[in-house]
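What's in protein_8.tsv: TSV, C-alpha atoms and all ligand atoms
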chain	number	residue	atom	x	y	z
M	1	MET	CA	45.73	67.31	-135.30
M	2	ILE	CA	45.02	63.64	-134.74
M	3	ASP	CA	41.91	61.46	-134.95
M	4	LEU	CA	41.71	58.13	-133.14
M	5	HIS	CA	38.16	57.03	-134.02
M	6	THR	CA	37.26	56.55	-137.68
M	7	HIS	CA	35.34	54.10	-139.87
M	8	THR	CA	35.98	52.91	-143.43
M	9	THR	CA	34.07	50.86	-146.00
M	10	ALA	CA	35.36	47.78	-144.16
M	11	SER	CA	32.47	48.54	-141.79
M	12	ASP	CA	30.01	51.41	-142.19
M	13	GLY	CA	32.13	54.34	-143.29
M	14	SER	CA	31.80	55.67	-146.83
M	15	LEU	CA	35.51	56.09	-147.65
M	16	SER	CA	37.79	53.17	-148.46
M	17	PRO	CA	40.80	52.76	-146.13
M	18	GLU	CA	43.07	54.32	-148.78
M	19	GLU	CA	40.70	57.26	-149.35
M	20	LEU	CA	40.48	57.88	-145.62
M	21	ILE	CA	44.27	58.05	-145.22
M	22	CYS	CA	44.47	60.29	-148.26
M	23	LEU	CA	41.89	62.67	-146.76
M	24	ALA	CA	43.72	62.62	-143.42
M	25	ASN	CA	46.87	63.67	-145.24
M	26	GLU	CA	45.06	66.42	-147.15
M	27	ILE	CA	43.65	68.01	-144.01
M	28	GLY	CA	47.01	67.76	-142.26
M	29	LEU	CA	46.46	65.09	-139.62
M	30	SER	CA	49.71	63.94	-138.05
M	31	GLY	CA	48.28	60.64	-136.85
M	32	ILE	CA	45.18	58.52	-137.36
M	33	ALA	CA	43.61	55.30	-136.07
M	34	ILE	CA	41.01	53.36	-137.99
M	35	THR	CA	38.50	51.64	-135.73
M	36	ASP	CA	35.97	49.71	-137.80
M	37	HIS	CA	33.16	47.82	-136.06
M	38	ASP	CA	34.19	44.24	-135.24
M	39	THR	CA	36.54	43.94	-138.24
M	40	THR	CA	40.20	44.46	-139.08
M	41	ASP	CA	39.72	44.21	-142.85
M	42	GLY	CA	40.58	47.88	-143.37
M	43	ILE	CA	43.85	47.79	-141.45
M	44	ALA	CA	46.23	46.35	-144.07
M	45	PRO	CA	45.25	48.71	-146.92
M	46	ALA	CA	45.14	51.75	-144.62
M	47	LYS	CA	48.51	50.88	-143.13
M	48	ALA	CA	50.10	50.47	-146.56
M	49	GLU	CA	48.77	53.85	-147.68
M	50	ALA	CA	49.88	55.53	-144.43
M	51	GLU	CA	53.37	54.08	-144.84
M	52	ARG	CA	53.49	55.28	-148.42
M	53	ILE	CA	52.81	58.88	-147.45
M	54	GLY	CA	54.60	58.75	-144.10
M	55	MET	CA	51.71	59.20	-141.69
M	56	LEU	CA	51.60	57.84	-138.16
M	57	PHE	CA	49.04	55.03	-138.27
M	58	VAL	CA	47.39	53.11	-135.43
M	59	PRO	CA	45.63	49.84	-136.29
M	60	GLY	CA	42.40	49.75	-134.29
M	61	ILE	CA	38.99	48.19	-133.87
M	62	GLU	CA	35.67	49.03	-132.17
M	63	ILE	CA	33.96	46.12	-130.43
M	64	SER	CA	30.24	46.28	-129.53
M	65	ALA	CA	29.94	44.74	-126.08
M	66	GLU	CA	26.92	43.23	-124.36
M	67	TYR	CA	25.18	45.86	-122.29
M	68	THR	CA	21.79	47.11	-121.07
M	69	GLU	CA	18.59	47.41	-123.15
M	70	GLN	CA	18.81	51.21	-123.35
M	71	GLY	CA	22.53	51.85	-123.65
M	72	THR	CA	25.40	50.95	-125.96
M	73	MET	CA	28.89	49.95	-124.90
M	74	HIS	CA	31.65	50.15	-127.48
M	75	ILE	CA	35.24	49.31	-126.65
M	76	LEU	CA	38.04	50.56	-128.86
M	77	GLY	CA	41.23	48.53	-129.21
M	78	TYR	CA	44.41	50.29	-130.35
M	79	PHE	CA	47.50	48.59	-131.80
M	80	VAL	CA	45.73	45.25	-132.12
M	81	ASP	CA	47.62	42.55	-133.97
M	82	GLU	CA	45.13	41.57	-136.66
M	83	LYS	CA	47.02	38.34	-137.31
M	84	ASN	CA	46.58	37.01	-133.78
M	85	ASP	CA	44.78	33.63	-134.09
M	86	TYR	CA	42.41	34.00	-131.16
M	87	PHE	CA	41.54	37.53	-132.28
M	88	GLU	CA	40.82	36.42	-135.85
M	89	GLU	CA	38.67	33.49	-134.73
M	90	THR	CA	36.62	35.64	-132.39
M	91	LEU	CA	36.05	38.31	-135.03
M	92	LEU	CA	34.88	35.60	-137.40
M	93	PHE	CA	32.32	34.56	-134.81
M	94	LEU	CA	31.12	38.17	-134.48
M	95	LYS	CA	30.86	38.57	-138.25
M	96	GLU	CA	28.85	35.37	-138.43
M	97	SER	CA	26.42	36.67	-135.81
M	98	ARG	CA	25.96	39.86	-137.83
M	99	LYS	CA	25.21	37.77	-140.92
M	100	GLN	CA	22.55	35.87	-139.03
M	101	ARG	CA	20.97	39.03	-137.70
M	102	ASN	CA	20.62	40.87	-141.01
M	103	PRO	CA	17.98	38.65	-142.70
M	104	LYS	CA	15.93	38.72	-139.48
M	105	MET	CA	15.84	42.51	-139.65
M	106	ILE	CA	14.82	42.36	-143.32
M	107	LYS	CA	11.94	40.04	-142.39
M	108	LEU	CA	10.71	42.39	-139.64
M	109	LEU	CA	11.01	45.42	-141.93
M	110	ASN	CA	9.03	43.63	-144.66
M	111	GLU	CA	6.35	42.73	-142.13
M	112	ALA	CA	6.20	46.41	-141.15
M	113	GLY	CA	5.61	47.34	-144.80
M	114	VAL	CA	9.15	48.44	-145.54
M	115	TYR	CA	9.94	46.47	-148.66
M	116	ILE	CA	13.70	46.32	-148.92
M	117	THR	CA	15.70	43.18	-149.65
M	118	MET	CA	18.96	41.77	-148.36
M	119	ASP	CA	20.45	42.53	-151.80
M	120	ASP	CA	19.59	46.24	-151.42
M	121	VAL	CA	21.41	46.37	-148.12
M	122	VAL	CA	24.42	44.38	-149.28
M	123	GLN	CA	24.70	46.74	-152.23
M	124	GLU	CA	24.81	49.73	-149.87
M	125	ALA	CA	27.60	48.03	-147.92
M	126	GLY	CA	29.63	47.81	-151.14
M	127	GLY	CA	31.45	44.60	-150.19
M	128	GLY	CA	32.19	45.65	-146.60
M	129	GLN	CA	30.51	44.40	-143.47
M	130	VAL	CA	26.77	45.14	-143.34
M	131	GLY	CA	25.63	47.50	-140.56
M	132	ARG	CA	22.39	49.25	-139.71
M	133	PRO	CA	23.41	52.48	-141.47
M	134	HIS	CA	23.32	50.44	-144.71
M	135	PHE	CA	19.74	49.39	-143.90
M	136	ALA	CA	18.92	53.07	-143.41
M	137	LYS	CA	20.44	53.99	-146.77
M	138	ALA	CA	18.48	51.27	-148.56
M	139	MET	CA	15.28	52.47	-146.88
M	140	ILE	CA	15.93	56.04	-147.98
M	141	LYS	CA	16.74	54.98	-151.53
M	142	LYS	CA	13.47	53.03	-151.80
M	143	GLY	CA	11.54	56.00	-150.38
M	144	PHE	CA	10.46	54.47	-147.08
M	145	CYS	CA	12.27	57.09	-145.00
M	146	ALA	CA	13.56	60.59	-145.59
M	147	SER	CA	16.68	60.40	-143.47
M	148	THR	CA	18.95	58.12	-141.46
M	149	PRO	CA	17.73	59.42	-138.07
M	150	GLU	CA	14.15	58.77	-139.18
M	151	ALA	CA	15.02	55.21	-140.27
M	152	PHE	CA	16.66	54.53	-136.93
M	153	ASP	CA	13.99	56.14	-134.75
M	154	LYS	CA	11.06	54.52	-136.51
M	155	TYR	CA	12.51	51.09	-137.29
M	156	ILE	CA	16.03	50.02	-136.51
M	157	ALA	CA	17.32	51.80	-133.40
M	158	LYS	CA	17.78	49.68	-130.31
M	159	GLY	CA	14.25	49.35	-128.89
M	160	ALA	CA	12.52	50.15	-132.23
M	161	PRO	CA	10.21	47.50	-133.78
M	162	CYS	CA	12.58	46.08	-136.41
M	163	TYR	CA	15.77	46.00	-134.35
M	164	VAL	CA	17.36	42.60	-133.87
M	165	ASN	CA	20.16	42.11	-131.39
M	166	LYS	CA	23.33	40.29	-132.37
M	167	GLU	CA	25.62	38.05	-130.35
M	168	ARG	CA	28.09	40.14	-128.46
M	169	LEU	CA	31.01	39.60	-126.17
M	170	THR	CA	30.68	40.66	-122.55
M	171	PRO	CA	32.67	43.76	-121.58
M	172	LYS	CA	35.24	41.49	-119.86
M	173	ASP	CA	35.60	39.28	-122.93
M	174	SER	CA	35.89	42.33	-125.22
M	175	ILE	CA	38.68	43.75	-123.08
M	176	ASP	CA	40.40	40.35	-122.91
M	177	LEU	CA	40.11	39.95	-126.67
M	178	ILE	CA	41.81	43.28	-127.31
M	179	ARG	CA	44.55	42.62	-124.78
M	180	ARG	CA	45.22	39.11	-126.08
M	181	ALA	CA	45.79	40.69	-129.50
M	182	GLY	CA	48.32	43.05	-127.89
M	183	GLY	CA	45.95	46.02	-128.01
M	184	VAL	CA	45.13	48.88	-125.64
M	185	PRO	CA	41.43	48.82	-124.66
M	186	VAL	CA	39.66	52.19	-124.38
M	187	LEU	CA	35.98	52.77	-123.59
M	188	ALA	CA	34.37	54.69	-126.47
M	189	HIS	CA	31.83	57.54	-126.09
M	190	PRO	CA	30.77	56.90	-122.45
M	191	LYS	CA	27.59	58.93	-122.92
M	192	THR	CA	25.99	56.19	-125.04
M	193	LEU	CA	26.01	54.01	-121.92
M	194	LYS	CA	23.07	56.22	-120.90
M	195	LEU	CA	23.96	56.04	-117.22
M	196	PRO	CA	21.81	58.30	-115.03
M	197	ASN	CA	24.65	60.02	-113.15
M	198	LYS	CA	28.38	60.49	-112.68
M	199	LYS	CA	28.54	58.16	-109.71
M	200	ASP	CA	27.29	55.22	-111.77
M	201	LEU	CA	29.72	55.99	-114.57
M	202	LYS	CA	32.58	56.17	-112.12
M	203	SER	CA	31.73	52.87	-110.54
M	204	LEU	CA	31.35	51.18	-113.94
M	205	LEU	CA	34.71	52.57	-115.06
M	206	LYS	CA	36.33	51.23	-111.89
M	207	ASP	CA	34.92	47.79	-112.65
M	208	LEU	CA	36.08	47.96	-116.27
M	209	LYS	CA	39.52	49.04	-115.14
M	210	LYS	CA	39.75	45.99	-112.90
M	211	MET	CA	38.95	43.94	-116.00
M	212	GLY	CA	41.88	45.53	-117.82
M	213	LEU	CA	40.45	48.68	-119.40
M	214	VAL	CA	43.20	51.22	-119.97
M	215	GLY	CA	41.63	54.37	-121.39
M	216	LEU	CA	38.55	56.55	-121.81
M	217	GLU	CA	37.45	58.42	-124.94
M	218	CYS	CA	37.09	61.96	-123.61
M	219	TYR	CA	37.17	63.92	-126.88
M	220	TYR	CA	34.17	62.95	-129.02
M	221	PHE	CA	32.33	64.77	-131.79
M	222	SER	CA	29.06	65.16	-129.89
M	223	ASN	CA	30.59	66.08	-126.52
M	224	THR	CA	29.97	69.55	-125.15
M	225	LYS	CA	33.02	71.31	-123.70
M	226	GLU	CA	31.59	70.49	-120.28
M	227	GLU	CA	31.24	66.78	-121.08
M	228	GLU	CA	34.77	66.80	-122.44
M	229	ALA	CA	36.16	68.42	-119.29
M	230	ASN	CA	34.19	66.07	-117.02
M	231	SER	CA	35.46	63.01	-118.89
M	232	ILE	CA	39.04	64.24	-118.72
M	233	ALA	CA	38.74	64.88	-114.97
M	234	LEU	CA	37.25	61.43	-114.46
M	235	ALA	CA	39.96	59.73	-116.53
M	236	ARG	CA	42.65	61.53	-114.51
M	237	GLU	CA	41.01	60.64	-111.23
M	238	LEU	CA	40.78	56.95	-112.13
M	239	GLY	CA	44.18	56.71	-113.80
M	240	LEU	CA	42.78	56.05	-117.26
M	241	LEU	CA	44.45	57.16	-120.46
M	242	ILE	CA	42.71	60.11	-122.14
M	243	SER	CA	41.69	59.36	-125.72
M	244	GLY	CA	39.71	61.01	-128.45
M	245	GLY	CA	38.32	60.80	-131.95
M	246	THR	CA	35.51	62.03	-134.17
M	247	ASP	CA	33.79	58.72	-135.04
M	248	PHE	CA	34.12	59.79	-138.67
M	249	HIS	CA	31.89	57.75	-141.04
M	250	GLY	CA	32.22	59.88	-144.19
M	251	LYS	CA	28.90	60.44	-145.99
M	252	ASN	CA	27.20	58.03	-143.60
M	253	LYS	CA	27.41	60.67	-140.85
M	254	PRO	CA	27.61	63.76	-143.03
M	255	LYS	CA	27.90	66.37	-140.28
M	256	VAL	CA	30.98	64.80	-138.74
M	257	ARG	CA	34.29	65.90	-140.26
M	258	LEU	CA	37.56	64.05	-139.95
M	259	GLY	CA	39.82	65.49	-137.23
M	260	VAL	CA	37.41	68.26	-136.20
M	261	GLY	CA	34.05	66.54	-135.65
M	262	LEU	CA	31.31	69.15	-135.92
M	263	GLY	CA	33.99	71.73	-136.67
M	264	ASN	CA	35.56	72.77	-133.39
M	265	MET	CA	37.18	69.67	-131.98
M	266	ASN	CA	40.82	69.79	-131.14
M	267	ILE	CA	42.32	66.50	-130.03
M	268	PRO	CA	45.74	67.18	-128.54
M	269	GLU	CA	48.68	65.27	-129.98
M	270	TYR	CA	49.99	64.27	-126.54
M	271	ILE	CA	47.12	61.75	-126.49
M	272	LEU	CA	48.73	59.76	-129.26
M	273	ASP	CA	52.18	60.02	-127.62
M	274	ASN	CA	50.73	58.63	-124.38
M	275	LEU	CA	48.90	55.88	-126.25
M	276	ILE	CA	52.12	54.82	-127.97
M	277	SER	CA	54.04	54.79	-124.66
M	278	MET	CA	51.28	52.79	-123.00
M	279	HIS	CA	51.27	50.25	-125.82
M	280	GLU	CA	55.03	49.82	-125.52
M	281	LYS	CA	54.83	49.45	-121.77
M	282	MET	CA	52.10	46.84	-122.05
M	283	ALA	CA	54.08	44.91	-124.68
M	284	VAL	CA	57.12	44.81	-122.40
M	285	ASN	CA	55.02	43.73	-119.40
M	286	SER	CA	53.41	40.95	-121.37
M	287	LYS	CA	56.84	39.69	-122.46
M	288	VAL	CA	58.04	39.76	-118.87
M	289	GLN	CA	54.96	37.77	-117.85
M	290	LYS	CA	55.63	35.22	-120.55
M	291	GLY	CA	59.30	35.07	-119.53
M	292	GLU	CA	60.48	36.23	-122.96
M	293	GLU	CA	63.73	38.07	-123.55
M	294	ILE	CA	63.56	41.86	-123.76
M	295	GLN	CA	65.85	43.69	-126.15
M	296	PRO	CA	67.90	46.67	-124.89
M	297	ASP	CA	65.65	49.18	-126.69
M	298	GLY	CA	62.73	48.00	-124.58
M	299	HIS	CA	60.91	46.15	-127.39
Q	301	LIG	P1	25.39	47.98	-136.20
Q	301	LIG	O1	26.85	47.77	-135.96
Q	301	LIG	O2	24.91	47.32	-137.44
Q	301	LIG	O3	24.56	47.65	-135.01
Q	301	LIG	O4	25.21	49.56	-136.47
Q	301	LIG	C1	25.86	50.47	-135.65
Q	301	LIG	C2	25.94	51.80	-136.35
Q	301	LIG	O5	24.65	52.38	-136.36
Q	301	LIG	C3	26.85	52.78	-135.63
Q	301	LIG	O6	27.82	53.24	-136.54
Q	301	LIG	C4	26.01	53.94	-135.21
Q	301	LIG	O7	26.64	55.15	-135.55
Q	301	LIG	C5	24.74	53.77	-136.01
Q	301	LIG	N1	23.61	54.09	-135.14
Q	301	LIG	C6	23.22	53.45	-134.02
Q	301	LIG	N2	22.13	54.01	-133.47
Q	301	LIG	C7	21.81	55.07	-134.27
Q	301	LIG	C8	20.77	56.07	-134.26
Q	301	LIG	N3	19.82	56.10	-133.30
Q	301	LIG	N4	20.77	57.01	-135.24
Q	301	LIG	C9	21.72	56.99	-136.21
Q	301	LIG	N5	22.71	56.09	-136.29
Q	301	LIG	C10	22.77	55.14	-135.33
Q	302	ZN	ZN	29.53	52.88	-137.32
Q	303	FE	FE	30.75	53.49	-131.38
Q	304	FE	FE	32.56	54.31	-134.06

Target encoding structure tokens, full file:
Amino acid sequence: MIDLHTHTTASDGSLSPEELICLANEIGLSGIAITDHDTTDGIAPAKAEAERIGMLFVPGIEISAEYTEQGTMHILGYFVDEKNDYFEETLLFLKESRKQRNPKMIKLLNEAGVYITMDDVVQEAGGGQVGRPHFAKAMIKKGFCASTPEAFDKYIAKGAPCYVNKERLTPKDSIDLIRRAGGVPVLAHPKTLKLPNKKDLKSLLKDLKKMGLVGLECYYFSNTKEEEANSIALARELGLLISGGTDFHGKNKPKVRLGVGLGNMNIPEYILDNLISMHEKMAVNSKVQKGEEIQPDGH
């Protein structure tokens, strides 16, 4: 078993990077990627823990790209070099835009009679980056909502009265960012794009591929078997790498279990093998483009 889409306390997951790797080991995963929202803060501690126990670890990220009013576009980046200067600077800009958004959402919530403070939310984030699930938790704790879905639907989902947008990169810039950091860009959960039909999805994927997209997340916790099969067929048709993960958030998405999603997911290990080969191929190509020397082992 593998899982290539997970969140830690560095963003809005409930397990620390070390705890997540430990759980992955306990349930017998042979490989894992952590993909926190717009941050690489969890990578170093997760990597150290994975090395300690001998688990195959992929440093990743999930970038929220600019998209339509109704839909959400997230782009996963695998094998990103978190020390790349341009990458670090851009992530800092994204973090800053989150920080500016959060107090605006607090103000709107207060005006709507939901009296939570920035401190409440920061406390829920426990030192990690603040995300909307932390707003939901604070609202539940103070008794303004009974559940996370209720908090989102009534107040903080995209399109709800207290939602505030944050600065985002365009899809092209998100893909460029990942590639400049040596990563492999993969479109996450295509169904959240909310496209009306297959034809539109196909044409968008073709455009994204021209921009440098490499893969498509076909295995996803909320996919039906039919959606999974359709995504795989589409990825094959368009020459995109097939990827998959559960979008594990720990207690912040309590129904979703690491490695198995809602219980019956089975992400084949060849996916990780292909991802590794693709990353190596891209690294070699980029060296060739830069005119750098390539060692006999291909690295
Ligand atoms: P943020 O990055 O602060 O915009 O928050 C994004 C997080 O909110 C993601 O992890 C989503 O899983 C979660 N989220 C977005 N929309 C909803 C929704 N309608 N219901 C529950 N969770 C959501
Ligand atoms: Zn999340
Ligand atoms: Fe996502
Ligand atoms: Fe995610």

Open item on the list: At a cut-off of 9 Å, using all atoms listed in the file, what residues contact M:His189? Leave out same-chain residues fewer than 4 positions from it and give the result as a list in words.
Closed with: Met73, His74, Ile75, Leu193, Leu216, Glu217, Cys218, Tyr219, Tyr220, Ser222, Asn223 and Gly244 of chain M

Can those selected residues be exported to a file as a compact mmCIF listing (two decimals), in the coordinates of the input so that it contains C-alpha atoms?
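The resulting file, out_25.txt, is reproduced below:
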# COMPACT_ATOMS: atom_id res chain seq x y z
CA MET M 73 28.89 49.95 -124.90
CA HIS M 74 31.65 50.15 -127.48
CA ILE M 75 35.24 49.31 -126.65
CA LEU M 193 26.01 54.01 -121.92
CA LEU M 216 38.55 56.55 -121.81
CA GLU M 217 37.45 58.42 -124.94
CA CYS M 218 37.09 61.96 -123.61
CA TYR M 219 37.17 63.92 -126.88
CA TYR M 220 34.17 62.95 -129.02
CA SER M 222 29.06 65.16 -129.89
CA ASN M 223 30.59 66.08 -126.52
CA GLY M 244 39.71 61.01 -128.45

- [ ] For ligand FE 304 (chain Q), list the contacting residues at 12 Å or closer, counting all atoms listed in the file, as an NGL selection string.
- [x] :M and (3-8 or 11-13 or 33-39 or 60-64 or 72-77 or 131 or 133 or 187-189 or 192 or 217 or 220-221 or 244-250 or 252-253 or 256)

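The residue set within 8 Å of M:Met105, counting all atoms listed in the file and dropping same-chain residues fewer than 5 places from it, reads Cys162, Tyr163 and Val164 of chain M.
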
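With distances restricted to only C-alpha atoms, M:Glu66 is the closest residue to M:Lys166 from M:Asp120, M:Glu66, M:Glu82, M:Glu18.
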
TODO: To one decimal in Å, tell me the separation between atom CA of M:Ala233 and atom CA of M:Ser277.
DONE: 20.7 Å

Open item on the list: I'd like the neighbourhood of stretch 116-118 of chain M as a PyMOL selection string, where a residue qualifies if any of its atoms comes within 7 Å (using only C-alpha atoms), though same-chain residues fewer than 6 positions away should be ignored.
Closed with: chain M and resi 103+106+110+138-139

TODO: Have a look at atom CA of M:Leu23 and atom CA of M:Asn84 and let me know their distance in Å, one decimal.
DONE: 29.1 Å

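Computed from the coordinates, the atom N1 of ligand LIG 301 (chain Q) to atom CA of M:Ile21 distance equals 23.3 Å.
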
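Checking M:Leu15, M:Leu205, M:Ala160, M:Leu56 one by one against ligand LIG 301 (chain Q), counting only C-alpha atoms and all ligand atoms, you find the shortest gap at M:Ala160.
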
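Take the candidates M:Lys206, M:Arg132, M:Arg236, M:Lys281 and check each one against ligand ZN 302 (chain Q) using only C-alpha atoms and all ligand atoms; the shortest distance goes to M:Arg132.
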
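Using only C-alpha atoms, the shortest contact distance between M:Thr224 and any of M:Asn264, M:Asn197, M:Ser243, M:Asn285 is found at M:Asn264.
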
- [ ] Scan for residues within 12 Å of the point (46.7, 55.4, -121.3) in the coordinates of the file, using only C-alpha atoms, and reply as a VMD selection string.
- [x] chain M and resid 77 to 78 183 to 187 209 212 to 218 232 235 to 236 238 to 244 270 to 282

Written file, previous selection with C-alpha atoms, as a JSON list (two decimals), in the frame of the given file:
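Result file result_30.json:
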[["chain", "number", "residue", "atom", "x", "y", "z"],
["M", 77, "GLY", "CA", 41.23, 48.53, -129.21],
["M", 78, "TYR", "CA", 44.41, 50.29, -130.35],
["M", 183, "GLY", "CA", 45.95, 46.02, -128.01],
["M", 184, "VAL", "CA", 45.13, 48.88, -125.64],
["M", 185, "PRO", "CA", 41.43, 48.82, -124.66],
["M", 186, "VAL", "CA", 39.66, 52.19, -124.38],
["M", 187, "LEU", "CA", 35.98, 52.77, -123.59],
["M", 209, "LYS", "CA", 39.52, 49.04, -115.14],
["M", 212, "GLY", "CA", 41.88, 45.53, -117.82],
["M", 213, "LEU", "CA", 40.45, 48.68, -119.40],
["M", 214, "VAL", "CA", 43.20, 51.22, -119.97],
["M", 215, "GLY", "CA", 41.63, 54.37, -121.39],
["M", 216, "LEU", "CA", 38.55, 56.55, -121.81],
["M", 217, "GLU", "CA", 37.45, 58.42, -124.94],
["M", 218, "CYS", "CA", 37.09, 61.96, -123.61],
["M", 232, "ILE", "CA", 39.04, 64.24, -118.72],
["M", 235, "ALA", "CA", 39.96, 59.73, -116.53],
["M", 236, "ARG", "CA", 42.65, 61.53, -114.51],
["M", 238, "LEU", "CA", 40.78, 56.95, -112.13],
["M", 239, "GLY", "CA", 44.18, 56.71, -113.80],
["M", 240, "LEU", "CA", 42.78, 56.05, -117.26],
["M", 241, "LEU", "CA", 44.45, 57.16, -120.46],
["M", 242, "ILE", "CA", 42.71, 60.11, -122.14],
["M", 243, "SER", "CA", 41.69, 59.36, -125.72],
["M", 244, "GLY", "CA", 39.71, 61.01, -128.45],
["M", 270, "TYR", "CA", 49.99, 64.27, -126.54],
["M", 271, "ILE", "CA", 47.12, 61.75, -126.49],
["M", 272, "LEU", "CA", 48.73, 59.76, -129.26],
["M", 273, "ASP", "CA", 52.18, 60.02, -127.62],
["M", 274, "ASN", "CA", 50.73, 58.63, -124.38],
["M", 275, "LEU", "CA", 48.90, 55.88, -126.25],
["M", 276, "ILE", "CA", 52.12, 54.82, -127.97],
["M", 277, "SER", "CA", 54.04, 54.79, -124.66],
["M", 278, "MET", "CA", 51.28, 52.79, -123.00],
["M", 279, "HIS", "CA", 51.27, 50.25, -125.82],
["M", 280, "GLU", "CA", 55.03, 49.82, -125.52],
["M", 281, "LYS", "CA", 54.83, 49.45, -121.77],
["M", 282, "MET", "CA", 52.10, 46.84, -122.05]]

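Nearest to M:Gly28 of all the residues M:Met55, M:Asp41, M:Arg98, M:Pro254 is M:Met55, based on all atoms listed in the file.
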
Assuming 3 Å of padding per side, give the centre and edge lengths of the axis-aligned box around every listed atom of stretch 262-278 of chain M, in Å to one decimal and as lines of an AutoDock Vina configuration file.
center_x = 42.7
center_y = 62.8
center_z = -129.8
size_x = 28.7
size_y = 26.0
size_z = 19.7

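Shortest atom-to-atom contact with M:Lys83 among M:Asn230, M:Ser30, M:Thr40, M:Gln123: M:Thr40, counting all atoms listed in the file.
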
- [ ] Can you pull out every residue within 10 Å of M:Ser286, counting all atoms listed in the file, but drop anything in the same chain fewer than 6 positions away, and send it as number ranges by chain?
- [x] M: 179-180, 182, 280, 292

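Those residues positioned at most 10 Å from (33.4, 36.7, -132.0) are Asp38, Ile63, Tyr86, Phe87, Glu88, Glu89, Thr90, Leu91, Leu92, Phe93, Leu94, Lys95, Glu96, Ser97, Arg98, Glu167, Arg168, Leu169, Asp173, Ser174 and Leu177 of chain M, judged using only C-alpha atoms.
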
Open item on the list: I'd like the contact shell of M:Cys145 - 12 Å cut-off, only C-alpha atoms, skipping same-chain residues fewer than 2 positions apart - returned as a ChimeraX atom specification.
Closed with: /M:113-116,135-143,147-156

Is it possible to add N, CA, C and O atoms to stretch 216-227 of chain M and hand it back as a PDB file, keeping the file's coordinate frame?
ATOM      1  N   LEU M 216      39.909  56.026-121.653  1.00  0.00           N
ATOM      2  CA  LEU M 216      38.550  56.550-121.810  1.00  0.00           C
ATOM      3  C   LEU M 216      38.548  57.574-122.956  1.00  0.00           C
ATOM      4  O   LEU M 216      39.413  58.465-123.001  1.00  0.00           O
ATOM      5  N   GLU M 217      37.561  57.458-123.839  1.00  0.00           N
ATOM      6  CA  GLU M 217      37.450  58.420-124.940  1.00  0.00           C
ATOM      7  C   GLU M 217      36.778  59.689-124.417  1.00  0.00           C
ATOM      8  O   GLU M 217      35.575  59.710-124.182  1.00  0.00           O
ATOM      9  N   CYS M 218      37.585  60.715-124.218  1.00  0.00           N
ATOM     10  CA  CYS M 218      37.090  61.960-123.610  1.00  0.00           C
ATOM     11  C   CYS M 218      36.732  63.000-124.669  1.00  0.00           C
ATOM     12  O   CYS M 218      35.835  63.814-124.475  1.00  0.00           O
ATOM     13  N   TYR M 219      37.465  63.005-125.766  1.00  0.00           N
ATOM     14  CA  TYR M 219      37.170  63.920-126.880  1.00  0.00           C
ATOM     15  C   TYR M 219      36.305  63.143-127.850  1.00  0.00           C
ATOM     16  O   TYR M 219      36.704  62.084-128.344  1.00  0.00           O
ATOM     17  N   TYR M 220      35.099  63.650-128.131  1.00  0.00           N
ATOM     18  CA  TYR M 220      34.170  62.950-129.020  1.00  0.00           C
ATOM     19  C   TYR M 220      33.319  63.985-129.727  1.00  0.00           C
ATOM     20  O   TYR M 220      32.973  65.011-129.132  1.00  0.00           O
ATOM     21  N   PHE M 221      32.949  63.710-130.977  1.00  0.00           N
ATOM     22  CA  PHE M 221      32.330  64.770-131.790  1.00  0.00           C
ATOM     23  C   PHE M 221      31.087  65.395-131.154  1.00  0.00           C
ATOM     24  O   PHE M 221      30.852  66.576-131.295  1.00  0.00           O
ATOM     25  N   SER M 222      30.306  64.607-130.419  1.00  0.00           N
ATOM     26  CA  SER M 222      29.060  65.160-129.890  1.00  0.00           C
ATOM     27  C   SER M 222      29.184  65.624-128.439  1.00  0.00           C
ATOM     28  O   SER M 222      28.192  65.993-127.822  1.00  0.00           O
ATOM     29  N   ASN M 223      30.405  65.605-127.894  1.00  0.00           N
ATOM     30  CA  ASN M 223      30.590  66.080-126.520  1.00  0.00           C
ATOM     31  C   ASN M 223      30.547  67.600-126.451  1.00  0.00           C
ATOM     32  O   ASN M 223      31.154  68.279-127.278  1.00  0.00           O
ATOM     33  N   THR M 224      29.860  68.116-125.433  1.00  0.00           N
ATOM     34  CA  THR M 224      29.970  69.550-125.150  1.00  0.00           C
ATOM     35  C   THR M 224      31.324  69.748-124.457  1.00  0.00           C
ATOM     36  O   THR M 224      31.937  68.790-123.999  1.00  0.00           O
ATOM     37  N   LYS M 225      31.757  71.008-124.379  1.00  0.00           N
ATOM     38  CA  LYS M 225      33.020  71.310-123.700  1.00  0.00           C
ATOM     39  C   LYS M 225      32.953  70.813-122.248  1.00  0.00           C
ATOM     40  O   LYS M 225      33.945  70.349-121.681  1.00  0.00           O
ATOM     41  N   GLU M 226      31.764  70.923-121.667  1.00  0.00           N
ATOM     42  CA  GLU M 226      31.590  70.490-120.280  1.00  0.00           C
ATOM     43  C   GLU M 226      31.749  68.965-120.167  1.00  0.00           C
ATOM     44  O   GLU M 226      32.441  68.466-119.272  1.00  0.00           O
ATOM     45  N   GLU M 227      31.114  68.237-121.090  1.00  0.00           N
ATOM     46  CA  GLU M 227      31.240  66.780-121.080  1.00  0.00           C
ATOM     47  C   GLU M 227      32.692  66.356-121.281  1.00  0.00           C
ATOM     48  O   GLU M 227      33.177  65.415-120.659  1.00  0.00           O
TER      49      GLU M 227
END
